[in-house]
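One structure is given here, and the rest of the page talks about it.
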Amino acid sequence: MKTIAVIDDDIHIGNMLEELLQREGYAVVRAYSGTEAVLILERQRPDLILLDLMMPGLSGEEVLPHVSGVPVIVLSAKAGVEDKVNLLLSGAADYMTKPFHPRELLARIAVRLREAPAQAENILTFGPLRLDPDVRAVSVSGTQVRLTRTEYAILKPLMANPAQVVTKSALLERIAMDTPDCTESSLKTHMSNLRRKLRDAGAGDCIESVWGIGFKMRTE
């Protein structure tokens, strides 16, 4: 499921966009100010951003430099050519003037997502679970899960090989490349904490133990 961030301080427009996008099968993340948007983008990486310009706190123009590798469609009442040119040259992928037609917006979103497949090539998914190695972020249904460096290092090789059993020795060897904070004796504790966090976030019991060998993603 693709996740779209709606960054707009107008609650009515935001609600309309959220309902429209959810009907099309997208997950939606909301921010009501530029400052809140920057904080959200530091924690998770959506597939596309719908960005208003005139907001409290940081403006949309000030938010744009904080966005990297994610297509941004600006939705603004500013209709001047200079405004559009400046935003497009500053990194926005597209610009639509309010009011806009919902069908046109959906079409532009589909085009931008289709044009950027390479941006998602490294992203690992398993059911509602999503791991983005570019920003070291893990989320469940669009909501970030805060993992320690060691927990992230455990999860990554499991998600990269979801149909295979990853042995304890191979897992410890792979973890050691990211962090020294895991030994054979502490692996059980780290794994227990990771499972609990994923379960509490809504991913269920997605990691299973293979007795005497190691661990794998639960595929049944």
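Going through the structure tokens in order, the chains are called A, B, and so on, while each chain numbers its residues from 1 and the ligands are numbered from 1 in the order shown.
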Among the residues of range 83-127 of chain A, find those DSSP assigns to strand (DSSP E) from the backbone and print them as a CSV table (one decimal) with all heavy atoms, in the first residue's frame.
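See part36.csv below for the written result:
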chain,number,residue,atom,x,y,z
A,94,ASP,N,5.3,18.6,-9.2
A,94,ASP,CA,4.1,19.1,-9.9
A,94,ASP,C,3.5,20.2,-9.1
A,94,ASP,O,3.8,20.4,-7.9
A,94,ASP,CB,3.1,18.0,-10.1
A,94,ASP,CG,2.1,18.2,-11.3
A,94,ASP,OD1,2.1,19.3,-11.8
A,94,ASP,OD2,1.5,17.2,-11.7
A,95,TYR,N,2.5,21.0,-9.7
A,95,TYR,CA,1.9,22.1,-9.0
A,95,TYR,C,0.5,22.2,-9.5
A,95,TYR,O,0.2,22.3,-10.7
A,95,TYR,CB,2.7,23.4,-9.4
A,95,TYR,CG,2.3,24.6,-8.6
A,95,TYR,CD1,3.3,25.2,-7.7
A,95,TYR,CD2,1.1,25.2,-8.6
A,95,TYR,CE1,3.0,26.3,-7.0
A,95,TYR,CE2,0.8,26.3,-7.9
A,95,TYR,CZ,1.7,26.9,-7.1
A,95,TYR,OH,1.4,28.0,-6.3
A,96,MET,N,-0.5,22.2,-8.6
A,96,MET,CA,-1.9,22.3,-8.9
A,96,MET,C,-2.5,23.5,-8.2
A,96,MET,O,-2.2,23.7,-7.0
A,96,MET,CB,-2.7,21.0,-8.6
A,96,MET,CG,-2.3,19.9,-9.5
A,96,MET,SD,-3.4,18.5,-9.2
A,96,MET,CE,-5.0,19.1,-10.0
A,97,THR,N,-3.2,24.3,-8.8
A,97,THR,CA,-3.9,25.5,-8.2
A,97,THR,C,-5.2,25.1,-7.6
A,97,THR,O,-6.0,24.4,-8.3
A,97,THR,CB,-4.0,26.6,-9.3
A,97,THR,OG1,-2.8,26.9,-9.9
A,97,THR,CG2,-4.6,27.9,-8.6
A,124,LEU,N,11.7,-2.8,1.6
A,124,LEU,CA,11.3,-4.1,1.9
A,124,LEU,C,9.9,-4.1,2.5
A,124,LEU,O,9.6,-3.3,3.4
A,124,LEU,CB,12.3,-4.8,2.9
A,124,LEU,CG,13.8,-4.8,2.5
A,124,LEU,CD1,14.6,-5.4,3.6
A,124,LEU,CD2,13.9,-5.6,1.2
A,125,THR,N,9.0,-4.9,2.1
A,125,THR,CA,7.7,-5.0,2.6
A,125,THR,C,7.3,-6.4,3.0
A,125,THR,O,7.8,-7.4,2.3
A,125,THR,CB,6.6,-4.4,1.6
A,125,THR,OG1,6.7,-5.2,0.4
A,125,THR,CG2,6.9,-3.0,1.3
A,126,PHE,N,6.5,-6.6,4.0
A,126,PHE,CA,6.0,-7.9,4.4
A,126,PHE,C,4.6,-7.6,5.1
A,126,PHE,O,4.5,-7.2,6.2
A,126,PHE,CB,6.9,-8.6,5.4
A,126,PHE,CG,6.5,-10.0,5.8
A,126,PHE,CD1,6.9,-11.0,4.9
A,126,PHE,CD2,5.8,-10.2,6.9
A,126,PHE,CE1,6.5,-12.3,5.2
A,126,PHE,CE2,5.4,-11.5,7.2
A,126,PHE,CZ,5.8,-12.6,6.4
- Would you list the contacts of range 153-156 of chain A as a list in words, taking every protein, DNA or RNA residue within 7 Å and counting only C-alpha atoms, but skipping same-chain residues closer than 6 positions in sequence?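 Residues near the query, excluding close chain neighbours: Leu171, Ile175 and Asp178 of chain A.
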Looking only at the backbone, which of the residues in range 64-140 of chain A does DSSP tag as helix (DSSP H, G or I), as a CSV table (one decimal) with N, CA and C atoms, in the first residue's frame?
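Produced file result-v3.csv, reproduced below:
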chain,number,residue,atom,x,y,z
A,64,LEU,N,9.9,22.2,1.7
A,64,LEU,CA,10.4,21.5,0.6
A,64,LEU,C,11.9,21.1,0.7
A,65,PRO,N,12.8,22.0,1.2
A,65,PRO,CA,14.2,21.6,1.3
A,65,PRO,C,14.4,20.4,2.2
A,66,HIS,N,13.4,20.1,3.1
A,66,HIS,CA,13.6,19.0,4.0
A,66,HIS,C,13.1,17.6,3.4
A,81,VAL,N,2.5,32.6,-12.2
A,81,VAL,CA,3.5,31.8,-12.9
A,81,VAL,C,4.8,31.7,-12.2
A,82,GLU,N,5.2,32.9,-11.6
A,82,GLU,CA,6.5,32.9,-10.9
A,82,GLU,C,6.5,31.9,-9.7
A,83,ASP,N,5.3,31.9,-9.0
A,83,ASP,CA,5.2,30.9,-7.9
A,83,ASP,C,5.4,29.5,-8.3
A,84,LYS,N,4.7,29.2,-9.5
A,84,LYS,CA,4.8,27.8,-10.0
A,84,LYS,C,6.2,27.5,-10.4
A,85,VAL,N,6.8,28.4,-11.2
A,85,VAL,CA,8.2,28.2,-11.7
A,85,VAL,C,9.2,28.0,-10.5
A,86,ASN,N,9.1,28.9,-9.5
A,86,ASN,CA,10.0,28.8,-8.4
A,86,ASN,C,9.9,27.5,-7.7
A,87,LEU,N,8.7,27.0,-7.4
A,87,LEU,CA,8.5,25.8,-6.7
A,87,LEU,C,9.0,24.6,-7.5
A,88,LEU,N,8.7,24.6,-8.8
A,88,LEU,CA,9.2,23.5,-9.6
A,88,LEU,C,10.7,23.4,-9.7
A,89,LEU,N,11.3,24.6,-9.8
A,89,LEU,CA,12.8,24.6,-9.8
A,89,LEU,C,13.4,24.3,-8.5
A,102,PRO,N,-10.8,16.6,-8.3
A,102,PRO,CA,-10.3,15.3,-7.6
A,102,PRO,C,-9.7,14.3,-8.6
A,103,ARG,N,-10.4,14.1,-9.8
A,103,ARG,CA,-10.0,13.1,-10.7
A,103,ARG,C,-8.7,13.5,-11.4
A,104,GLU,N,-8.5,14.8,-11.6
A,104,GLU,CA,-7.2,15.3,-12.1
A,104,GLU,C,-6.1,15.0,-11.1
A,105,LEU,N,-6.3,15.3,-9.9
A,105,LEU,CA,-5.3,15.1,-8.8
A,105,LEU,C,-5.0,13.7,-8.7
A,106,LEU,N,-5.9,12.8,-8.7
A,106,LEU,CA,-5.7,11.3,-8.7
A,106,LEU,C,-4.8,10.9,-9.9
A,107,ALA,N,-5.1,11.4,-11.0
A,107,ALA,CA,-4.3,11.1,-12.2
A,107,ALA,C,-2.9,11.5,-12.1
A,108,ARG,N,-2.7,12.7,-11.6
A,108,ARG,CA,-1.3,13.2,-11.4
A,108,ARG,C,-0.6,12.5,-10.4
A,109,ILE,N,-1.3,12.0,-9.3
A,109,ILE,CA,-0.6,11.2,-8.3
A,109,ILE,C,-0.2,9.9,-8.9
A,110,ALA,N,-1.1,9.3,-9.7
A,110,ALA,CA,-0.7,8.0,-10.3
A,110,ALA,C,0.5,8.1,-11.2
A,111,VAL,N,0.5,9.2,-12.0
A,111,VAL,CA,1.7,9.4,-12.9
A,111,VAL,C,3.0,9.6,-12.1
A,112,ARG,N,2.9,10.4,-11.0
A,112,ARG,CA,4.1,10.6,-10.2
A,112,ARG,C,4.6,9.3,-9.6
A,113,LEU,N,3.7,8.5,-9.1
A,113,LEU,CA,4.1,7.2,-8.4
A,113,LEU,C,4.6,6.3,-9.5
A,114,ARG,N,4.1,6.3,-10.7
A,114,ARG,CA,4.5,5.4,-11.8
A,114,ARG,C,5.9,5.9,-12.3
A,115,GLU,N,6.2,7.2,-12.2
A,115,GLU,CA,7.5,7.7,-12.7
A,115,GLU,C,8.6,7.4,-11.7
A,117,PRO,N,9.5,4.5,-9.8
A,117,PRO,CA,9.6,3.1,-9.2
A,117,PRO,C,11.0,2.9,-8.6
A,118,ALA,N,12.1,3.5,-9.1
A,118,ALA,CA,13.4,3.3,-8.6
A,118,ALA,C,13.5,3.7,-7.1
A,119,GLN,N,12.7,4.7,-6.7
A,119,GLN,CA,12.8,5.2,-5.4
A,119,GLN,C,12.4,4.2,-4.4
A,120,ALA,N,11.6,3.2,-4.8
A,120,ALA,CA,11.1,2.2,-3.9
A,120,ALA,C,11.7,0.8,-4.0
- Message: Calculated over only C-alpha atoms, which of the candidates A:Ser90, A:Gln44, A:Gln144, A:Thr3 has the smallest distance to Gly202 in chain A?
- Response: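 Comparing A:Ser90, A:Gln44, A:Gln144, A:Thr3 against Gly202 in chain A, the winner is A:Gln144.
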- Option closest in space to Ala93 in chain A, from A:Ala77, A:Gly142, A:Leu58, A:Leu48 [counting only C-alpha atoms]: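 For Ala93 in chain A, the nearest of the candidates is A:Leu48.
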- Item | Pick from A:Gly69, A:Pro157, A:Pro99, A:Gly34 nearest to Leu51 in chain A, counting only C-alpha atoms |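 Looking at the shortest contact to Leu51 in chain A, the residue is A:Gly34.
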- Close residues, Ala137 in chain A itself excluded, 8 Å, only C-alpha atoms, min 3 positions apart in chain, as a list in words: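 Residues meeting the cut-off are Arg43, Gln44, Arg45, Leu131, Asp132, Pro133, Asp134, Gln144 and Val145 of chain A.
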- Query: By how many Å are CA of Leu17 in chain A and CA of Gly204 in chain A apart?
  - Reply: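 Separation of CA of Leu17 in chain A and CA of Gly204 in chain A: 29.3 Å.
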- Shell of 8 Å around Glu151 in chain A, only C-alpha atoms, local chain residues under 3 positions omitted, as a ChimeraX atom specification: /A:147-148,154-155,190-191,193-194
- Atom pair CA of Met217 in chain A / CA of Asp181 in chain A: separation (Å):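 Computing the Euclidean distance for CA of Met217 in chain A and CA of Asp181 in chain A yields 22.4 Å.
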- What is the distance between CA of Ala163 in chain A and CA of Thr219 in chain A, in Å to one decimal? 7.3 Å
Name the residues in contact with Ile49 in chain A at a cut-off of 6 Å, using only C-alpha atoms, excluding same-chain residues fewer than 4 positions from it; report them as a PDB file with N, CA and C atoms, in the first residue's frame.
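Written output follows (around.pdb):
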ATOM      1  N   ILE A   4       0.608   8.360   1.312  1.00  0.00           N
ATOM      2  CA  ILE A   4       0.671   9.749   0.859  1.00  0.00           C
ATOM      3  C   ILE A   4       0.532  10.668   2.063  1.00  0.00           C
ATOM      4  N   ALA A   5       1.433  11.627   2.169  1.00  0.00           N
ATOM      5  CA  ALA A   5       1.374  12.617   3.239  1.00  0.00           C
ATOM      6  C   ALA A   5       0.587  13.830   2.756  1.00  0.00           C
ATOM      7  N   VAL A  72       6.781  15.516  -4.726  1.00  0.00           N
ATOM      8  CA  VAL A  72       5.915  16.475  -4.034  1.00  0.00           C
ATOM      9  C   VAL A  72       5.004  17.151  -5.053  1.00  0.00           C
TER      10      VAL A  72
END
- Message: Nearest residue to Lys98 in chain A out of A:Leu20, A:Ala79, A:Val67, A:Met177, using only C-alpha atoms?
- Response: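 Of the candidates, the smallest distance to Lys98 in chain A is held by A:Ala79.
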- Item | Option closest in space to Ser59 in chain A, from A:Ala27, A:Ala37, A:Ile213, A:Ile13 [counting only C-alpha atoms] |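 Between A:Ala27, A:Ala37, A:Ile213, A:Ile13, the residue approaching Ser59 in chain A most closely is A:Ala37.
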